[in-house]
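Student: Got a structure for you, written out below as structure tokens; questions coming shortly.
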Amino acid sequence: MDIGDSVIEVSELRRRYGPEGDKGFEAVRGVSFTVARGELFALLGTNGAGKTSTVELLEGLARPSGGRVRVLGHDPFEERSAVRPRVGVMLQEGGFPSDLTVTETVRMWAGCTTGARPVGEALGLVGLVGRGDVRIKQLSGGERRRLDLALALLGRPEVLFLDEPTTGLDPEARHTTWELVRRLREEGTTVLLTTHYLEEAEALADRVAIMREGRIVTSGAPGEVIGAYPARIRFAMPVGWFVGDLPPLAELGVVRHEETGGRIELQTRELQRTLTGLLVWAREQGIELEGLDARTASLEEAFLAIAGAGPDAGAGMSAGAATAAAGAGARRGE
């Protein structure tokens, strides 16, 4: 993948619904980020965080209340004719005429698309070649999502907006879609993804940004965001042994521990050091740590800690600066 110049530039972007004051609502509150050419950028957040409101501004579906947005060097709202032919959009719901067949729908859409792919090629990308004669109303929810993706790819877009692209897909179809998205990215397509599947963002994204209450509270590569949160080691001690029998936890690099129902959990920012010390100690004592499980934090854990923080927690933080908030989340047991 060749990541080059920025193709999406967002600066202090705002979107307000209704009048100023208490009678209105500001859904996007000063959001700033860039997306480089050939990059896959995931915008994450709980329902109501401002993701969809932000993406609609990038797609040119509404005028910002404040700030600046550029897609491929153009204002997507004021210069829509310059942007739209170079962009693919997959909305959360397609809303196609239910009595048309799959082929008829793609052919109709292709007639409105500059430089459209052949119908068979578009359906082949998403595994719907054998469903061309089926009416839209007879498709499963997952098949409709694949059709939505086929239509978003019709014009060979330089920039692709994917809004919850794998909702309703079974695990096999989800992973097939992931492979298609990876291939598009490797071919140079810039992708902006919103998803509630945190494993999807972790598997696909070069960078992620997590929104809360209209603001981006942390951003960075998935590994950077996850790295701000401690790894966990869980196990049960043999009968007659207790957490107090372990070597000094601080010397093992443990930052927090708890014991629940006979199982011990150690949290550490130095997983290899802590796990090595623990296993060496167990060998020297001649005991077995039952149900031993060691793993780094996941993007889901980081997301839940941020989403459950206070209204302004982490506002404007980079991934590296999120460590303090992560520790607070760990103390709350999040």
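Identifiers in the structure tokens: chain A, B, ... in order shown; residue index from 1 per chain; ligand index from 1 in order shown.
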Pick out each residue of segment 201-319 of chain A that DSSP on the backbone tags as strand (DSSP E or B); I need them as an NGL selection string.
Tutor: :A and (207-212 or 215-220 or 231-236 or 254-260 or 263-268 or 290-295)
Student: Can you check which residues of segment 116-300 of chain A DSSP gives as alpha helix (DSSP H) on the backbone and send them as JSON, numbers by chain?
Tutor: {"A": [119, 120, 121, 122, 123, 124, 125, 141, 142, 143, 144, 145, 146, 147, 148, 149, 150, 151, 152, 171, 172, 173, 174, 175, 176, 177, 178, 179, 180, 181, 182, 183, 184, 185, 186, 198, 199, 200, 201, 202, 203, 204, 222, 223, 224, 225, 226, 227, 249, 250, 251, 252, 271, 272, 273, 274, 275, 276, 277, 278, 279, 280, 281, 282, 283, 284, 285, 299, 300]}
Student: Store the residues of this selection in a file with C-alpha atoms, as a short mmCIF file (atom, residue, chain, number, x, y, z; two decimals), in the first residue's frame.
Tutor:
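This went into selection-v8.cif:
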data_model
loop_
_atom_site.label_atom_id
_atom_site.label_comp_id
_atom_site.auth_asym_id
_atom_site.auth_seq_id
_atom_site.Cartn_x
_atom_site.Cartn_y
_atom_site.Cartn_z
CA VAL A 119 -22.89 -5.49 -14.19
CA GLY A 120 -21.37 -8.97 -14.00
CA GLU A 121 -18.08 -7.60 -12.68
CA ALA A 122 -19.81 -5.60 -9.96
CA LEU A 123 -21.86 -8.59 -8.83
CA GLY A 124 -18.79 -10.82 -8.95
CA LEU A 125 -16.94 -8.58 -6.52
CA GLY A 141 -30.51 -8.87 4.77
CA GLY A 142 -26.92 -9.91 4.20
CA GLU A 143 -27.42 -10.14 0.44
CA ARG A 144 -28.89 -6.64 0.40
CA ARG A 145 -25.79 -5.35 2.18
CA ARG A 146 -23.61 -7.00 -0.45
CA LEU A 147 -25.70 -5.39 -3.18
CA ASP A 148 -25.23 -2.01 -1.44
CA LEU A 149 -21.48 -2.57 -1.59
CA ALA A 150 -21.58 -3.58 -5.26
CA LEU A 151 -23.33 -0.30 -6.12
CA ALA A 152 -20.82 1.70 -4.08
CA PRO A 171 -19.18 -14.68 9.60
CA GLU A 172 -18.05 -16.14 6.27
CA ALA A 173 -19.54 -13.29 4.24
CA ARG A 174 -18.10 -10.76 6.69
CA HIS A 175 -14.57 -12.09 6.23
CA THR A 176 -15.03 -12.24 2.45
CA THR A 177 -16.03 -8.55 2.56
CA TRP A 178 -12.95 -7.79 4.65
CA GLU A 179 -10.75 -9.37 2.00
CA LEU A 180 -12.42 -7.31 -0.72
CA VAL A 181 -11.90 -4.10 1.28
CA ARG A 182 -8.25 -5.00 1.87
CA ARG A 183 -7.78 -5.58 -1.86
CA LEU A 184 -9.36 -2.24 -2.72
CA ARG A 185 -7.09 -0.50 -0.24
CA GLU A 186 -4.01 -2.23 -1.66
CA LEU A 198 -14.68 -3.43 16.90
CA GLU A 199 -12.83 -6.51 15.63
CA GLU A 200 -13.57 -5.27 12.11
CA ALA A 201 -11.90 -1.94 12.76
CA GLU A 202 -8.98 -3.66 14.49
CA ALA A 203 -8.51 -6.05 11.56
CA LEU A 204 -8.84 -3.53 8.74
CA PRO A 222 -5.13 0.44 16.42
CA GLY A 223 -2.00 -0.81 18.16
CA GLU A 224 -1.34 2.63 19.60
CA VAL A 225 -4.86 3.02 20.91
CA ILE A 226 -4.83 -0.49 22.38
CA GLY A 227 -1.33 0.03 23.82
CA LEU A 249 3.46 -7.85 42.19
CA ALA A 250 5.15 -4.49 41.58
CA GLU A 251 8.38 -6.33 40.82
CA LEU A 252 6.49 -8.34 38.18
CA LEU A 271 3.00 -8.61 29.45
CA GLN A 272 6.12 -10.59 28.57
CA ARG A 273 8.00 -9.52 31.71
CA THR A 274 5.04 -10.23 34.01
CA LEU A 275 4.15 -13.56 32.44
CA THR A 276 7.77 -14.75 32.44
CA GLY A 277 8.21 -13.87 36.11
CA LEU A 278 4.94 -15.56 37.02
CA LEU A 279 5.77 -18.78 35.18
CA VAL A 280 9.30 -18.95 36.59
CA TRP A 281 7.86 -18.55 40.09
CA ALA A 282 5.26 -21.29 39.49
CA ARG A 283 7.94 -23.67 38.22
CA GLU A 284 10.14 -23.01 41.23
CA GLN A 285 7.20 -23.71 43.55
CA LEU A 299 -9.77 -2.40 20.68
CA GLU A 300 -13.14 -3.29 22.18
#
Student: Residues within 12 Å of Ala27 of chain A, please, as a PyMOL selection string. Count only C-alpha atoms; anything in the same chain fewer than 2 positions from it doesn't count.
Tutor: chain A and resi 13-18+24-25+29-31+47-57+64-66+211-216
Student: Export, as an mmCIF file, in the first residue's frame, the selected residues with C-alpha atoms.
Tutor:
data_model
loop_
_atom_site.group_PDB
_atom_site.id
_atom_site.type_symbol
_atom_site.label_atom_id
_atom_site.label_comp_id
_atom_site.auth_asym_id
_atom_site.auth_seq_id
_atom_site.Cartn_x
_atom_site.Cartn_y
_atom_site.Cartn_z
ATOM 1 C CA LEU A 13 -15.941 20.628 11.676
ATOM 2 C CA ARG A 14 -19.279 21.363 13.322
ATOM 3 C CA ARG A 15 -22.860 20.323 12.643
ATOM 4 C CA ARG A 16 -25.809 21.738 14.496
ATOM 5 C CA TYR A 17 -29.467 20.752 14.321
ATOM 6 C CA GLY A 18 -31.995 23.455 15.155
ATOM 7 C CA GLY A 24 -30.846 23.190 19.209
ATOM 8 C CA PHE A 25 -28.341 20.347 19.341
ATOM 9 C CA ARG A 29 -18.266 19.756 17.917
ATOM 10 C CA GLY A 30 -14.983 20.806 16.349
ATOM 11 C CA VAL A 31 -13.785 17.558 14.750
ATOM 12 C CA ASN A 47 -24.931 5.580 18.847
ATOM 13 C CA GLY A 48 -25.304 9.342 19.071
ATOM 14 C CA ALA A 49 -21.562 10.009 19.169
ATOM 15 C CA GLY A 50 -21.709 12.016 15.926
ATOM 16 C CA LYS A 51 -20.255 9.525 13.430
ATOM 17 C CA THR A 52 -23.089 9.577 10.922
ATOM 18 C CA SER A 53 -23.464 13.351 11.163
ATOM 19 C CA THR A 54 -19.743 13.698 10.416
ATOM 20 C CA VAL A 55 -19.752 11.249 7.516
ATOM 21 C CA GLU A 56 -22.778 12.909 5.913
ATOM 22 C CA LEU A 57 -20.799 16.162 5.809
ATOM 23 C CA PRO A 64 -21.383 22.147 7.801
ATOM 24 C CA SER A 65 -22.486 24.554 10.518
ATOM 25 C CA GLY A 66 -18.838 25.493 10.931
ATOM 26 C CA MET A 211 -15.860 9.834 18.932
ATOM 27 C CA ARG A 212 -17.831 10.661 22.027
ATOM 28 C CA GLU A 213 -20.505 13.343 22.274
ATOM 29 C CA GLY A 214 -19.508 14.993 19.008
ATOM 30 C CA ARG A 215 -15.755 15.066 19.606
ATOM 31 C CA ILE A 216 -12.815 12.826 18.774
#
Student: Which residue gives the smallest distance to Asp206 of chain A among A:Leu169, A:Ala116, A:Ala221, A:Leu192, with only C-alpha atoms counted?
Tutor: A:Ala221
Student: To one decimal place in Å, what is the distance between atom CA of Leu266 of chain A and atom CA of Ile233 of chain A?
Tutor: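 For atom CA of Leu266 of chain A relative to atom CA of Ile233 of chain A, the distance reads 5.1 Å.
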Student: Just the residues within 12 Å of segment 67-84 of chain A, please, counting only C-alpha atoms, with nothing from its chain fewer than 6 positions along; format it as a ChimeraX atom specification.
Tutor: /A:5-16,28-37,54-61,112-114,152,155-161,190-192
Student: With distances taken over only C-alpha atoms, which of A:Leu162, A:Arg86, A:Gly130, A:Ala302 is nearest to Ala209 of chain A?
Tutor: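 Checking each candidate against Ala209 of chain A, we get A:Ala302 as the closest.
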